[in-house]
Structure formats: structure tokens, C-alpha cells
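I have placed the structure first, in the form of C-alpha cells, so that the comments after it can refer back to it.
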Amino acid sequence: MPDDKPRVNLSEIFGEAFPIFLSMGMTGEEFWEQDPSLVRAYLKAHKLRFREQNRLAWLQGRYFYDALCAASPIFHDLAKRGTKPAPYHEEPIKFYESEEEARQAEIQRIRDQAAAYFGII
């Protein structure tokens with residue numbers, strides 16, 4: 001009985017993946033000649049960069065929203081004469097009280113991911 005499964009052409013698969021990893025900063029030599037685990041590392045680094053960019057975009061939106069909310073009282077059609085905008089932040093928003101707290105939060109996040117991966121949670 002013949003095998004009905006379609007044959008996988010590895011040359012095509014690697015050929016399609018190659019430009020994707022080049023766009024992530026991987027060199028041709030690293031992709032074709034170095035340890036294959038580098039591919040996973042580049043992919044993980046790419047996802048981490050994207051997550052950070054997304055967080056920074058959200059933060060920028062948060063500041064923009066806060067600025068609009070602070071200024072909105074003076075743009076209201078029925079605002080009384082002399083209405084002033086609400087004060088804006090005097091300093092950047094603090095997400096962590098200290099660097100140590102930020103480090104502990106990152107360690108806890110990694111522990112949670114490991115526990116979920118190994119089925120502990």
C-alpha cells in the first residue's frame with residue numbers, strides 16, 4: 001500500500017524560513033552552518049523585542065491619553081470661563097518602586113513560566 005502522506009521538501013521549508021531569520025538579524029552563516037538552537041534563540045529574542053516595543057507603544061498611548069484627559073476640561077463647549085486644564089504628571093509614571101522590585105518581578109515571571117511549562121501549576 002503506497003504512502004498517501006505528502007512528502008516534505010526540507011529545502012523549501014528552510015528556504016522560506018531563511019529570509020524570516022535574516023530579518024531578525026541572524027546571519028546566513030549562523031542560519032546555515034551554526035548550531036540549530038540559535039534559531040530558537042533568535043526567535044525568542046525577536047518575540048521579546050516585539051513585546052518590549054508593544055509595551056513602550058502602550059506606555060506612549062497612556063501618556064497621550066493622560067495628556068488629553070488633563071487638557072479636556074478647557075476644550076468642552078460648556079466649560080466656564082477661566083477653566084484651567086488639570087495638572088499633568090510632574091515626573092514619569094513609576095511602575096516599580098525600585099530596580100530590585102523590577103528584578104524580583106522578572107524572576108517571578110520566569111518562575112511562573114517554568115512552572116507552567118513543567119505542569120506544576
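Every chain in the C-alpha cells takes a letter, A first, then B, and so on in the order presented; its residues are numbered from 1, and the ligands are numbered from 1 following the presented order.
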Legend entry - Filtered DSSP result for chain A, state helix (DSSP H, G or I), as an MDAnalysis selection string: chainID A and resid 10:23 28:33 37:75 99:117
Each residue of region 29-67 of chain A lying at most 12 Å from region 12-15 of chain A should get a row with its shortest atom-to-atom pair and the distance in Å to one decimal, counting only C-alpha atoms; could you produce that, ordered by chain and increasing number, as JSON lines?
{"residue": "A:Phe31", "atom": "CA", "partner": "A:Phe14", "partner_atom": "CA", "distance": 9.3}
{"residue": "A:Trp32", "atom": "CA", "partner": "A:Phe14", "partner_atom": "CA", "distance": 9.1}
{"residue": "A:Pro36", "atom": "CA", "partner": "A:Phe14", "partner_atom": "CA", "distance": 11.7}
{"residue": "A:Val39", "atom": "CA", "partner": "A:Phe14", "partner_atom": "CA", "distance": 11.4}
Legend entry - Within 12 Å of His46 (chain A) using only C-alpha atoms, minus same-chain residues under 6 positions, as a PyMOL selection string: chain A and resi 20-26+39-40+52-53
Only N, CA and C atoms, please: the residues just picked out, written as a short mmCIF file (atom, residue, chain, number, x, y, z; two decimals), in the first residue's frame.
data_model
loop_
_atom_site.label_atom_id
_atom_site.label_comp_id
_atom_site.auth_asym_id
_atom_site.auth_seq_id
_atom_site.Cartn_x
_atom_site.Cartn_y
_atom_site.Cartn_z
N ILE A 20 13.11 35.06 6.85
CA ILE A 20 12.47 35.47 8.11
C ILE A 20 13.54 35.66 9.18
N PHE A 21 14.46 34.72 9.27
CA PHE A 21 15.50 34.82 10.29
C PHE A 21 16.55 35.87 9.93
N LEU A 22 16.74 36.12 8.63
CA LEU A 22 17.61 37.23 8.24
C LEU A 22 17.02 38.55 8.73
N SER A 23 15.69 38.68 8.64
CA SER A 23 15.04 39.92 9.10
C SER A 23 15.14 40.10 10.60
N MET A 24 15.39 39.00 11.32
CA MET A 24 15.56 39.07 12.78
C MET A 24 17.01 39.37 13.16
N GLY A 25 17.89 39.48 12.17
CA GLY A 25 19.28 39.82 12.45
C GLY A 25 20.24 38.64 12.40
N MET A 26 19.74 37.47 12.09
CA MET A 26 20.60 36.28 12.01
C MET A 26 21.37 36.34 10.69
N VAL A 39 18.53 29.29 16.11
CA VAL A 39 17.25 29.68 15.51
C VAL A 39 16.23 29.95 16.60
N ARG A 40 16.17 29.06 17.59
CA ARG A 40 15.23 29.26 18.70
C ARG A 40 15.58 30.53 19.48
N GLU A 52 8.54 44.15 24.12
CA GLU A 52 9.02 45.42 24.68
C GLU A 52 8.55 46.61 23.85
N GLN A 53 8.58 46.49 22.53
CA GLN A 53 8.09 47.56 21.67
C GLN A 53 6.60 47.78 21.89
#
Inset, instruction - Identify, on the basis of only C-alpha atoms, every residue whose closest approach to Pro87 (chain A) does not exceed 10 Å; exclude the query and any residue fewer than 2 positions from it along the same chain; express the result as a list of chain:residue names. - result: A:Asp66, A:Ala67, A:Cys69, A:Ala70, A:Ala71, A:Lys84, A:Pro85, A:His89, A:Glu90
Could you write out the selected residues, including all heavy atoms, as an mmCIF file, in the first residue's frame?
data_model
loop_
_atom_site.group_PDB
_atom_site.id
_atom_site.type_symbol
_atom_site.label_atom_id
_atom_site.label_comp_id
_atom_site.auth_asym_id
_atom_site.auth_seq_id
_atom_site.Cartn_x
_atom_site.Cartn_y
_atom_site.Cartn_z
ATOM 1 N N ASP A 66 -3.442 60.436 29.047
ATOM 2 C CA ASP A 66 -3.423 61.279 30.250
ATOM 3 C C ASP A 66 -3.341 62.764 29.890
ATOM 4 O O ASP A 66 -3.982 63.601 30.525
ATOM 5 C CB ASP A 66 -2.248 60.905 31.154
ATOM 6 C CG ASP A 66 -2.473 59.590 31.881
ATOM 7 O OD1 ASP A 66 -3.589 59.034 31.806
ATOM 8 O OD2 ASP A 66 -1.520 59.115 32.531
ATOM 9 N N ALA A 67 -2.558 63.091 28.864
ATOM 10 C CA ALA A 67 -2.441 64.487 28.440
ATOM 11 C C ALA A 67 -3.768 64.995 27.895
ATOM 12 O O ALA A 67 -4.186 66.123 28.206
ATOM 13 C CB ALA A 67 -1.343 64.630 27.389
ATOM 14 N N CYS A 69 -6.760 63.844 28.649
ATOM 15 C CA CYS A 69 -7.694 63.943 29.775
ATOM 16 C C CYS A 69 -7.412 65.185 30.620
ATOM 17 O O CYS A 69 -8.336 65.837 31.103
ATOM 18 C CB CYS A 69 -7.629 62.691 30.635
ATOM 19 S SG CYS A 69 -8.373 61.252 29.854
ATOM 20 N N ALA A 70 -6.138 65.511 30.778
ATOM 21 C CA ALA A 70 -5.783 66.699 31.564
ATOM 22 C C ALA A 70 -6.231 67.975 30.862
ATOM 23 O O ALA A 70 -6.678 68.928 31.505
ATOM 24 C CB ALA A 70 -4.274 66.730 31.808
ATOM 25 N N ALA A 71 -6.132 67.999 29.539
ATOM 26 C CA ALA A 71 -6.473 69.202 28.781
ATOM 27 C C ALA A 71 -7.953 69.276 28.426
ATOM 28 O O ALA A 71 -8.457 70.343 28.085
ATOM 29 C CB ALA A 71 -5.640 69.256 27.506
ATOM 30 N N LYS A 84 -9.326 75.828 33.794
ATOM 31 C CA LYS A 84 -7.929 75.505 33.504
ATOM 32 C C LYS A 84 -7.779 73.996 33.338
ATOM 33 O O LYS A 84 -8.551 73.224 33.904
ATOM 34 C CB LYS A 84 -7.025 75.992 34.629
ATOM 35 C CG LYS A 84 -7.074 77.494 34.782
ATOM 36 C CD LYS A 84 -6.016 77.960 35.714
ATOM 37 C CE LYS A 84 -6.238 79.444 35.909
ATOM 38 N NZ LYS A 84 -5.189 80.256 35.541
ATOM 39 N N PRO A 85 -6.786 73.595 32.571
ATOM 40 C CA PRO A 85 -6.559 72.145 32.426
ATOM 41 C C PRO A 85 -6.076 71.545 33.739
ATOM 42 O O PRO A 85 -5.492 72.231 34.575
ATOM 43 C CB PRO A 85 -5.486 72.048 31.347
ATOM 44 C CG PRO A 85 -4.819 73.374 31.331
ATOM 45 C CD PRO A 85 -5.835 74.378 31.791
ATOM 46 N N HIS A 89 1.380 65.008 34.726
ATOM 47 C CA HIS A 89 2.389 64.354 35.571
ATOM 48 C C HIS A 89 3.616 65.244 35.749
ATOM 49 O O HIS A 89 4.113 65.818 34.790
ATOM 50 C CB HIS A 89 2.858 63.039 34.938
ATOM 51 C CG HIS A 89 1.759 62.070 34.684
ATOM 52 N ND1 HIS A 89 1.155 61.348 35.674
ATOM 53 C CD2 HIS A 89 1.136 61.716 33.536
ATOM 54 C CE1 HIS A 89 0.226 60.588 35.162
ATOM 55 N NE2 HIS A 89 0.185 60.783 33.863
ATOM 56 N N GLU A 90 4.091 65.332 36.954
ATOM 57 C CA GLU A 90 5.313 66.079 37.245
ATOM 58 C C GLU A 90 6.558 65.267 36.885
ATOM 59 O O GLU A 90 7.617 65.811 36.645
ATOM 60 C CB GLU A 90 5.369 66.461 38.733
ATOM 61 C CG GLU A 90 4.311 67.446 39.150
ATOM 62 C CD GLU A 90 4.544 68.830 38.547
ATOM 63 O OE1 GLU A 90 5.712 69.234 38.409
ATOM 64 O OE2 GLU A 90 3.542 69.486 38.218
#
Inset, instruction - State, in Å with one decimal place, the distance from CA of Pro92 (chain A) to CA of Tyr63 (chain A). - result: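 Taking CA of Pro92 (chain A) as the start and CA of Tyr63 (chain A) as the end point, the length is 9.0 Å.
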Inset, instruction - State, in Å with one decimal place, the distance from CA of Gly61 (chain A) to CA of Tyr88 (chain A). - result: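 CA of Tyr88 (chain A) lies 14.6 Å from CA of Gly61 (chain A).
In this model, the gap between CA of Arg55 (chain A) and CA of Ala114 (chain A) comes to 22.3 Å.
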